[in-house]
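Q: Contents are CSV, N, CA and C atoms; file name model-v7.csv:
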```csv
chain,number,residue,atom,x,y,z
A,113,MET,N,-5.3,-15.1,12.1
A,113,MET,CA,-5.4,-15.4,10.6
A,113,MET,C,-4.0,-15.9,10.2
A,114,LYS,N,-3.8,-17.1,9.9
A,114,LYS,CA,-2.5,-17.7,9.5
A,114,LYS,C,-2.2,-17.7,8.1
A,115,ASN,N,-3.2,-17.9,7.2
A,115,ASN,CA,-2.9,-18.1,5.8
A,115,ASN,C,-3.4,-16.8,5.1
A,116,VAL,N,-2.5,-15.9,4.8
A,116,VAL,CA,-2.8,-14.7,4.0
A,116,VAL,C,-1.9,-14.8,2.8
A,117,VAL,N,-2.5,-14.5,1.7
A,117,VAL,CA,-1.7,-14.5,0.4
A,117,VAL,C,-1.6,-13.0,0.0
A,118,LEU,N,-0.3,-12.6,-0.2
A,118,LEU,CA,-0.1,-11.3,-0.7
A,118,LEU,C,0.1,-11.4,-2.2
A,119,ARG,N,-0.6,-10.6,-3.0
A,119,ARG,CA,-0.5,-10.6,-4.4
A,119,ARG,C,-0.5,-9.2,-4.9
A,120,GLN,N,0.1,-9.0,-6.1
A,120,GLN,CA,0.1,-7.6,-6.6
A,120,GLN,C,-1.3,-7.2,-6.9
A,121,MET,N,-1.5,-5.9,-6.5
A,121,MET,CA,-2.9,-5.3,-6.8
A,121,MET,C,-3.2,-5.4,-8.3
A,122,THR,N,-4.5,-5.6,-8.5
A,122,THR,CA,-4.9,-5.5,-9.9
A,122,THR,C,-5.1,-4.0,-10.2
A,123,GLU,N,-5.2,-3.7,-11.5
A,123,GLU,CA,-5.4,-2.3,-11.9
A,123,GLU,C,-6.6,-1.7,-11.3
A,124,GLU,N,-7.7,-2.4,-11.2
A,124,GLU,CA,-8.9,-1.9,-10.6
A,124,GLU,C,-8.7,-1.7,-9.1
A,125,GLU,N,-8.1,-2.6,-8.4
A,125,GLU,CA,-7.8,-2.4,-7.0
A,125,GLU,C,-6.9,-1.1,-6.8
A,126,TYR,N,-5.9,-1.0,-7.7
A,126,TYR,CA,-5.1,0.2,-7.6
A,126,TYR,C,-5.8,1.5,-7.8
A,127,ARG,N,-6.7,1.5,-8.8
A,127,ARG,CA,-7.5,2.7,-9.0
A,127,ARG,C,-8.4,3.0,-7.8
A,128,ASN,N,-9.0,2.0,-7.3
A,128,ASN,CA,-9.9,2.2,-6.1
A,128,ASN,C,-9.1,2.6,-4.9
A,129,TRP,N,-8.0,2.0,-4.6
A,129,TRP,CA,-7.2,2.3,-3.5
A,129,TRP,C,-6.6,3.8,-3.6
A,130,ARG,N,-6.1,4.1,-4.8
A,130,ARG,CA,-5.6,5.4,-5.0
A,130,ARG,C,-6.6,6.5,-4.8
A,131,ALA,N,-7.8,6.3,-5.3
A,131,ALA,CA,-8.9,7.3,-5.1
A,131,ALA,C,-9.2,7.5,-3.7
A,132,TRP,N,-9.3,6.3,-3.0
A,132,TRP,CA,-9.6,6.3,-1.5
A,132,TRP,C,-8.5,7.0,-0.7
A,133,SER,N,-7.2,6.7,-1.1
A,133,SER,CA,-6.1,7.2,-0.3
A,133,SER,C,-5.9,8.7,-0.6
A,134,VAL,N,-6.1,9.1,-1.8
A,134,VAL,CA,-6.0,10.6,-2.1
A,134,VAL,C,-7.0,11.3,-1.4
A,135,LYS,N,-8.3,10.8,-1.4
A,135,LYS,CA,-9.4,11.5,-0.7
A,135,LYS,C,-9.0,11.6,0.8
A,136,ASN,N,-8.5,10.5,1.4
A,136,ASN,CA,-8.2,10.6,2.9
A,136,ASN,C,-7.0,11.6,3.1
A,137,TYR,N,-6.1,11.6,2.2
A,137,TYR,CA,-4.9,12.5,2.3
A,137,TYR,C,-5.4,14.0,2.2
A,138,ILE,N,-6.3,14.2,1.3
A,138,ILE,CA,-6.9,15.6,1.1
A,138,ILE,C,-7.5,16.0,2.4
A,139,ASN,N,-8.4,15.1,3.0
A,139,ASN,CA,-9.0,15.4,4.3
A,139,ASN,C,-8.1,15.7,5.4
A,140,GLU,N,-7.0,15.0,5.5
A,140,GLU,CA,-5.9,15.2,6.5
A,140,GLU,C,-5.3,16.5,6.3
A,141,MET,N,-4.9,16.9,5.0
A,141,MET,CA,-4.3,18.2,4.8
A,141,MET,C,-5.2,19.3,5.1
A,142,VAL,N,-6.5,19.2,4.8
A,142,VAL,CA,-7.4,20.3,5.2
A,142,VAL,C,-7.5,20.5,6.7
A,143,LYS,N,-7.5,19.3,7.4
A,143,LYS,CA,-7.6,19.4,8.8
A,143,LYS,C,-6.4,19.8,9.5
A,144,THR,N,-5.2,19.3,9.1
A,144,THR,CA,-4.0,19.5,9.9
A,144,THR,C,-3.1,20.6,9.3
A,145,ARG,N,-3.2,20.9,8.1
A,145,ARG,CA,-2.4,21.9,7.5
A,145,ARG,C,-3.1,23.2,7.1
A,146,ASN,N,-4.4,23.2,7.4
A,146,ASN,CA,-5.2,24.4,7.1
A,146,ASN,C,-5.2,24.8,5.7
A,147,LEU,N,-5.2,23.8,4.8
A,147,LEU,CA,-5.3,24.1,3.3
A,147,LEU,C,-6.7,24.0,2.9
A,148,ASN,N,-7.1,24.8,1.9
A,148,ASN,CA,-8.4,24.6,1.4
A,148,ASN,C,-8.4,23.4,0.5
A,149,ARG,N,-9.6,22.9,0.2
A,149,ARG,CA,-9.8,21.6,-0.5
A,149,ARG,C,-9.1,21.7,-1.9
A,150,THR,N,-9.2,22.8,-2.6
A,150,THR,CA,-8.6,22.8,-3.9
A,150,THR,C,-7.1,22.7,-3.9
A,151,ASP,N,-6.5,23.4,-2.9
A,151,ASP,CA,-5.0,23.3,-2.8
A,151,ASP,C,-4.6,21.9,-2.3
A,152,ALA,N,-5.3,21.4,-1.4
A,152,ALA,CA,-5.0,20.1,-0.8
A,152,ALA,C,-5.2,19.0,-1.9
A,153,LYS,N,-6.2,19.1,-2.7
A,153,LYS,CA,-6.4,18.1,-3.8
A,153,LYS,C,-5.2,18.2,-4.8
A,154,ALA,N,-4.8,19.4,-5.2
A,154,ALA,CA,-3.7,19.6,-6.1
A,154,ALA,C,-2.4,19.0,-5.6
A,155,GLN,N,-2.2,19.3,-4.3
A,155,GLN,CA,-0.9,18.8,-3.6
A,155,GLN,C,-1.0,17.3,-3.5
A,156,ALA,N,-2.1,16.7,-3.1
A,156,ALA,CA,-2.2,15.2,-3.0
A,156,ALA,C,-2.0,14.6,-4.4
A,157,GLU,N,-2.6,15.1,-5.4
A,157,GLU,CA,-2.5,14.5,-6.7
A,157,GLU,C,-1.0,14.6,-7.2
A,158,THR,N,-0.4,15.7,-7.0
A,158,THR,CA,1.0,15.9,-7.3
A,158,THR,C,1.9,14.9,-6.6
A,159,GLU,N,1.7,14.8,-5.3
A,159,GLU,CA,2.6,13.9,-4.5
A,159,GLU,C,2.4,12.4,-4.9
A,160,PHE,N,1.2,12.0,-5.1
A,160,PHE,CA,1.0,10.6,-5.6
A,160,PHE,C,1.6,10.4,-6.9
A,161,SER,N,1.4,11.4,-7.8
A,161,SER,CA,2.0,11.2,-9.2
A,161,SER,C,3.5,11.2,-9.1
A,162,ASN,N,4.1,11.9,-8.2
A,162,ASN,CA,5.6,11.9,-8.1
A,162,ASN,C,6.1,10.6,-7.4
A,163,LEU,N,5.3,10.1,-6.5
A,163,LEU,CA,5.7,8.9,-5.8
A,163,LEU,C,5.5,7.6,-6.6
A,164,LEU,N,4.4,7.6,-7.4
A,164,LEU,CA,4.1,6.4,-8.2
A,164,LEU,C,3.8,6.8,-9.7
A,165,PRO,N,4.9,7.3,-10.3
A,165,PRO,CA,4.7,7.8,-11.7
A,165,PRO,C,4.3,6.7,-12.7
A,166,ASP,N,4.7,5.5,-12.4
A,166,ASP,CA,4.3,4.4,-13.3
A,166,ASP,C,3.3,3.5,-12.6
A,167,HIS,N,2.6,4.0,-11.7
A,167,HIS,CA,1.5,3.3,-11.0
A,167,HIS,C,2.0,2.0,-10.4
A,168,LEU,N,1.4,0.9,-10.7
A,168,LEU,CA,1.8,-0.4,-10.2
A,168,LEU,C,3.2,-0.8,-10.6
A,169,SER,N,3.7,-0.3,-11.7
A,169,SER,CA,5.0,-0.6,-12.2
A,169,SER,C,6.2,0.3,-11.8
A,170,THR,N,5.9,1.2,-10.9
A,170,THR,CA,6.9,2.1,-10.4
A,170,THR,C,8.1,1.3,-9.8
A,171,VAL,N,9.3,1.6,-10.2
A,171,VAL,CA,10.5,0.8,-9.7
A,171,VAL,C,10.6,1.0,-8.2
A,172,ASN,N,10.9,-0.1,-7.6
A,172,ASN,CA,11.1,-0.2,-6.1
A,172,ASN,C,9.9,0.1,-5.2
A,173,HIS,N,8.7,0.2,-5.8
A,173,HIS,CA,7.5,0.3,-5.1
A,173,HIS,C,6.7,-1.0,-5.2
A,174,PHE,N,6.2,-1.4,-4.1
A,174,PHE,CA,5.4,-2.7,-4.1
A,174,PHE,C,4.1,-2.5,-3.5
A,175,LEU,N,3.0,-2.8,-4.3
A,175,LEU,CA,1.6,-2.6,-3.8
A,175,LEU,C,1.0,-4.0,-3.9
A,176,TYR,N,0.6,-4.5,-2.7
A,176,TYR,CA,0.0,-5.8,-2.6
A,176,TYR,C,-1.4,-5.7,-2.0
A,177,SER,N,-2.3,-6.6,-2.4
A,177,SER,CA,-3.5,-6.9,-1.7
A,177,SER,C,-3.3,-8.1,-0.9
A,178,ALA,N,-3.9,-8.2,0.2
A,178,ALA,CA,-3.8,-9.3,1.1
A,178,ALA,C,-5.1,-10.1,1.1
A,179,ASP,N,-5.1,-11.4,0.7
A,179,ASP,CA,-6.3,-12.2,0.7
A,179,ASP,C,-6.2,-13.3,1.7
A,180,SER,N,-7.3,-13.5,2.4
A,180,SER,CA,-7.4,-14.6,3.3
A,180,SER,C,-7.5,-16.0,2.6
A,181,ALA,N,-7.4,-17.1,3.3
A,181,ALA,CA,-7.5,-18.4,2.7
A,181,ALA,C,-8.8,-18.6,2.0
A,182,ASP,N,-9.9,-18.0,2.5
A,182,ASP,CA,-11.2,-18.1,1.9
A,182,ASP,C,-11.5,-17.1,0.8
A,183,GLY,N,-10.5,-16.4,0.4
A,183,GLY,CA,-10.6,-15.5,-0.8
A,183,GLY,C,-11.0,-14.1,-0.5
A,184,ASN,N,-11.3,-13.7,0.7
A,184,ASN,CA,-11.6,-12.4,1.0
A,184,ASN,C,-10.4,-11.5,1.0
A,185,THR,N,-10.5,-10.3,0.4
A,185,THR,CA,-9.4,-9.3,0.5
A,185,THR,C,-9.5,-8.7,1.8
A,186,VAL,N,-8.4,-8.8,2.6
A,186,VAL,CA,-8.5,-8.4,4.0
A,186,VAL,C,-7.7,-7.1,4.3
A,187,GLY,N,-6.9,-6.6,3.3
A,187,GLY,CA,-6.1,-5.4,3.4
A,187,GLY,C,-5.2,-5.2,2.3
A,188,MET,N,-4.3,-4.2,2.5
A,188,MET,CA,-3.3,-3.9,1.5
A,188,MET,C,-2.0,-3.4,2.1
A,189,ILE,N,-0.9,-3.4,1.4
A,189,ILE,CA,0.3,-2.8,1.9
A,189,ILE,C,1.0,-2.2,0.6
A,190,TRP,N,1.6,-1.0,0.9
A,190,TRP,CA,2.4,-0.4,-0.2
A,190,TRP,C,3.7,0.0,0.5
A,191,TYR,N,4.8,-0.5,0.0
A,191,TYR,CA,6.1,-0.1,0.5
A,191,TYR,C,7.1,0.2,-0.6
A,192,GLU,N,8.1,1.0,-0.2
A,192,GLU,CA,9.2,1.3,-1.1
A,192,GLU,C,10.5,0.6,-0.6
A,193,HIS,N,11.1,-0.1,-1.5
A,193,HIS,CA,12.4,-0.7,-1.2
A,193,HIS,C,13.4,0.3,-1.4
A,194,CYS,N,13.9,1.0,-0.4
A,194,CYS,CA,14.7,2.2,-0.4
A,194,CYS,C,16.2,1.9,-0.7
A,195,GLU,N,16.7,0.9,0.0
A,195,GLU,CA,18.1,0.6,-0.1
A,195,GLU,C,18.3,-0.8,0.4
A,196,PRO,N,19.4,-1.4,0.2
A,196,PRO,CA,19.6,-2.8,0.7
A,196,PRO,C,19.2,-3.0,2.1
A,197,LEU,N,18.3,-4.0,2.3
A,197,LEU,CA,17.8,-4.3,3.7
A,197,LEU,C,17.0,-3.2,4.4
A,198,ARG,N,16.4,-2.3,3.6
A,198,ARG,CA,15.6,-1.3,4.2
A,198,ARG,C,14.4,-1.0,3.3
A,199,VAL,N,13.2,-1.0,3.9
A,199,VAL,CA,12.0,-0.5,3.2
A,199,VAL,C,11.3,0.6,4.0
A,200,PHE,N,10.5,1.4,3.3
A,200,PHE,CA,9.7,2.4,3.9
A,200,PHE,C,8.2,2.0,3.6
A,201,ILE,N,7.4,1.8,4.7
A,201,ILE,CA,6.0,1.5,4.6
A,201,ILE,C,5.3,2.8,4.2
A,202,CYS,N,4.8,2.9,3.0
A,202,CYS,CA,4.1,4.1,2.6
A,202,CYS,C,2.6,4.1,3.0
A,203,ASP,N,2.0,2.9,3.0
A,203,ASP,CA,0.6,2.8,3.3
A,203,ASP,C,0.3,1.4,3.7
A,204,PHE,N,-0.6,1.2,4.7
A,204,PHE,CA,-1.0,-0.1,5.1
A,204,PHE,C,-2.4,0.0,5.7
A,205,VAL,N,-3.2,-0.9,5.2
A,205,VAL,CA,-4.6,-0.9,5.6
A,205,VAL,C,-5.1,-2.4,5.9
A,206,VAL,N,-5.7,-2.6,7.0
A,206,VAL,CA,-6.4,-3.8,7.3
A,206,VAL,C,-7.9,-3.4,7.3
A,207,TYR,N,-8.7,-4.0,6.5
A,207,TYR,CA,-10.1,-3.6,6.3
A,207,TYR,C,-10.9,-4.0,7.5
A,208,ASP,N,-12.0,-3.2,7.7
A,208,ASP,CA,-12.9,-3.5,8.8
A,208,ASP,C,-13.4,-4.9,8.8
A,209,GLY,N,-13.5,-5.6,9.9
A,209,GLY,CA,-13.9,-6.9,10.0
A,209,GLY,C,-12.8,-7.9,10.0
A,210,PHE,N,-11.6,-7.4,9.7
A,210,PHE,CA,-10.4,-8.3,9.7
A,210,PHE,C,-9.3,-7.8,10.6
A,211,ARG,N,-9.6,-6.8,11.4
A,211,ARG,CA,-8.6,-6.2,12.3
A,211,ARG,C,-8.5,-7.1,13.5
A,212,ARG,N,-7.3,-7.0,14.2
A,212,ARG,CA,-7.0,-7.8,15.4
A,212,ARG,C,-6.9,-9.3,15.2
A,213,MET,N,-6.5,-9.6,13.9
A,213,MET,CA,-6.3,-11.1,13.6
A,213,MET,C,-4.9,-11.4,13.2
A,214,GLY,N,-4.0,-10.4,13.3
A,214,GLY,CA,-2.6,-10.7,12.9
A,214,GLY,C,-2.3,-10.4,11.5
A,215,VAL,N,-3.2,-9.8,10.7
A,215,VAL,CA,-2.9,-9.5,9.3
A,215,VAL,C,-1.7,-8.5,9.2
A,216,TRP,N,-1.7,-7.5,10.0
A,216,TRP,CA,-0.6,-6.5,9.9
A,216,TRP,C,0.8,-7.2,10.1
A,217,LYS,N,0.9,-8.1,11.0
A,217,LYS,CA,2.1,-8.8,11.3
A,217,LYS,C,2.6,-9.6,10.1
A,218,LEU,N,1.7,-10.3,9.5
A,218,LEU,CA,2.0,-11.1,8.3
A,218,LEU,C,2.4,-10.2,7.1
A,219,ASN,N,1.8,-9.1,7.0
A,219,ASN,CA,2.2,-8.2,5.9
A,219,ASN,C,3.6,-7.6,6.1
A,220,PHE,N,3.9,-7.2,7.3
A,220,PHE,CA,5.2,-6.7,7.6
A,220,PHE,C,6.3,-7.8,7.5
A,221,GLU,N,5.9,-9.0,7.9
A,221,GLU,CA,6.9,-10.1,7.7
A,221,GLU,C,7.2,-10.3,6.2
A,222,ARG,N,6.2,-10.2,5.4
A,222,ARG,CA,6.4,-10.3,3.9
A,222,ARG,C,7.3,-9.2,3.4
A,223,ALA,N,7.1,-8.0,3.9
A,223,ALA,CA,8.0,-6.9,3.4
A,223,ALA,C,9.4,-7.2,3.8
A,224,GLY,N,9.6,-7.6,5.0
A,224,GLY,CA,11.0,-8.0,5.5
A,224,GLY,C,11.6,-9.1,4.7
A,225,ALA,N,10.8,-10.1,4.4
A,225,ALA,CA,11.3,-11.3,3.6
A,225,ALA,C,11.6,-10.9,2.2
A,226,ASP,N,10.9,-10.0,1.6
A,226,ASP,CA,11.2,-9.5,0.3
A,226,ASP,C,12.6,-8.8,0.2
A,227,VAL,N,12.8,-8.0,1.2
A,227,VAL,CA,14.1,-7.2,1.3
A,227,VAL,C,15.2,-8.2,1.5
A,228,LYS,N,15.1,-9.1,2.4
A,228,LYS,CA,16.2,-10.0,2.7
A,228,LYS,C,16.5,-10.9,1.5
A,229,ALA,N,15.4,-11.3,0.8
A,229,ALA,CA,15.6,-12.2,-0.4
A,229,ALA,C,15.9,-11.4,-1.7
A,230,GLY,N,15.9,-10.1,-1.6
A,230,GLY,CA,16.2,-9.3,-2.8
A,230,GLY,C,15.1,-9.6,-3.9
A,231,ARG,N,13.9,-9.8,-3.5
A,231,ARG,CA,12.8,-10.1,-4.5
A,231,ARG,C,12.6,-9.0,-5.5
A,232,ASN,N,12.3,-9.3,-6.7
A,232,ASN,CA,12.0,-8.3,-7.7
A,232,ASN,C,10.5,-8.5,-8.1
A,233,ARG,N,10.2,-7.8,-9.2
A,233,ARG,CA,8.8,-7.7,-9.6
A,233,ARG,C,8.2,-9.1,-10.0
A,234,ALA,N,9.1,-10.0,-10.4
A,234,ALA,CA,8.6,-11.3,-10.9
A,234,ALA,C,8.2,-12.2,-9.7
A,235,ASP,N,8.6,-11.8,-8.5
A,235,ASP,CA,8.3,-12.6,-7.3
A,235,ASP,C,7.3,-12.1,-6.4
A,236,ARG,N,6.2,-11.6,-7.0
A,236,ARG,CA,5.2,-10.8,-6.2
A,236,ARG,C,4.1,-11.6,-5.5
A,237,THR,N,4.0,-12.9,-5.7
A,237,THR,CA,3.0,-13.6,-5.0
A,237,THR,C,3.6,-14.6,-4.0
A,238,SER,N,3.1,-14.6,-2.8
A,238,SER,CA,3.7,-15.4,-1.8
A,238,SER,C,2.6,-15.8,-0.8
A,239,TYR,N,2.8,-17.0,-0.3
A,239,TYR,CA,2.0,-17.5,0.8
A,239,TYR,C,2.7,-17.3,2.1
A,240,LEU,N,2.0,-16.8,3.1
A,240,LEU,CA,2.7,-16.6,4.4
A,240,LEU,C,2.2,-17.6,5.4
```
Please express the file's structure as structure tokens.
A:
Amino acid sequence: MKNVVLRQMTEEEYRNWRAWSVKNYINEMVKTRNLNRTDAKAQAETEFSNLLPDHLSTVNHFLYSADSADGNTVGMIWYEHCEPLRVFICDFVVYDGFRRMGVWKLNFERAGADVKAGRNRADRTSYL
């Protein structure tokens, strides 16, 4: 897959992704940390609120949806621009049906290009 467009998530995409991601995080904490669901849910909600206090507008956090040339949303990436020339990938998903097509590579290349170019919030749409 050569033509993938990364664009800032919409509010609806953000809400859907966050609900899905928190749910998965809760399940992981119950399984790996032996927490009960109530405690895991409270911890997951707190952690997401601390990491993304301003949701899509949180400073130095970038949440993109990845669209194919035919308009299908094929995945997402969330990364934090930590310091000059360094990012931390917080979450990355390639949706079923679009895996093993090179989408992950294009998303990571975009994250690297953003860091090298010093992109800010106004530069959030890009063709790869």
Q: So which residues of stretch 128-226 of chain A fall under strand (DSSP E) by DSSP, listed as a PyMOL selection string?
A: chain A and resi 173-180+185-195+198-206
Q: Find, counting only C-alpha atoms, the residue in A:Val206, A:Val117, A:Leu175, A:Ala156 that gets nearest to A:His193.
A: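 The shortest atom-to-atom distance to A:His193 comes from A:Leu175.
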Q: In Å, with one decimal, what is the gap from atom CA of A:Leu168 to atom CA of A:Met188?
A: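 Going from atom CA of A:Leu168 over to atom CA of A:Met188 covers 13.2 Å.
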Q: As an exercise, work out the distance from atom CA of A:Asn136 to atom CA of A:Ala178 in Å and give it to one decimal place.
A: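 Between atom CA of A:Asn136 and atom CA of A:Ala178 the gap is 20.5 Å.
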Q: Between atom CA of A:Phe174 and atom CA of A:Gln120, measure the distance and give it in Å to one decimal.
A: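 Atom-to-atom, atom CA of A:Phe174 and atom CA of A:Gln120 are spaced 7.6 Å apart.
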Q: Which protein, DNA or RNA residues are at most 5 Å from (0.1, -2.7, 5.9) in the file's coordinates when you count only N, CA and C atoms, listed as a JSON list (two decimals) with N, CA and C atoms, in the frame of the given file?
A:
```json
[["chain", "number", "residue", "atom", "x", "y", "z"],
["A", 188, "MET", "N", -4.30, -4.20, 2.50],
["A", 188, "MET", "CA", -3.30, -3.90, 1.50],
["A", 188, "MET", "C", -2.00, -3.40, 2.10],
["A", 189, "ILE", "N", -0.90, -3.40, 1.40],
["A", 189, "ILE", "CA", 0.30, -2.80, 1.90],
["A", 189, "ILE", "C", 1.00, -2.20, 0.60],
["A", 203, "ASP", "N", 2.00, 2.90, 3.00],
["A", 203, "ASP", "CA", 0.60, 2.80, 3.30],
["A", 203, "ASP", "C", 0.30, 1.40, 3.70],
["A", 204, "PHE", "N", -0.60, 1.20, 4.70],
["A", 204, "PHE", "CA", -1.00, -0.10, 5.10],
["A", 204, "PHE", "C", -2.40, 0.00, 5.70],
["A", 205, "VAL", "N", -3.20, -0.90, 5.20],
["A", 205, "VAL", "CA", -4.60, -0.90, 5.60],
["A", 205, "VAL", "C", -5.10, -2.40, 5.90]]
```
Q: Calculated over all atoms listed in the file, which of the candidates A:Trp190, A:Ser161, A:Asn146, A:Ile138 has the smallest distance to A:Tyr176?
A: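 With all atoms listed in the file as the atom set, the closest residue is A:Trp190.
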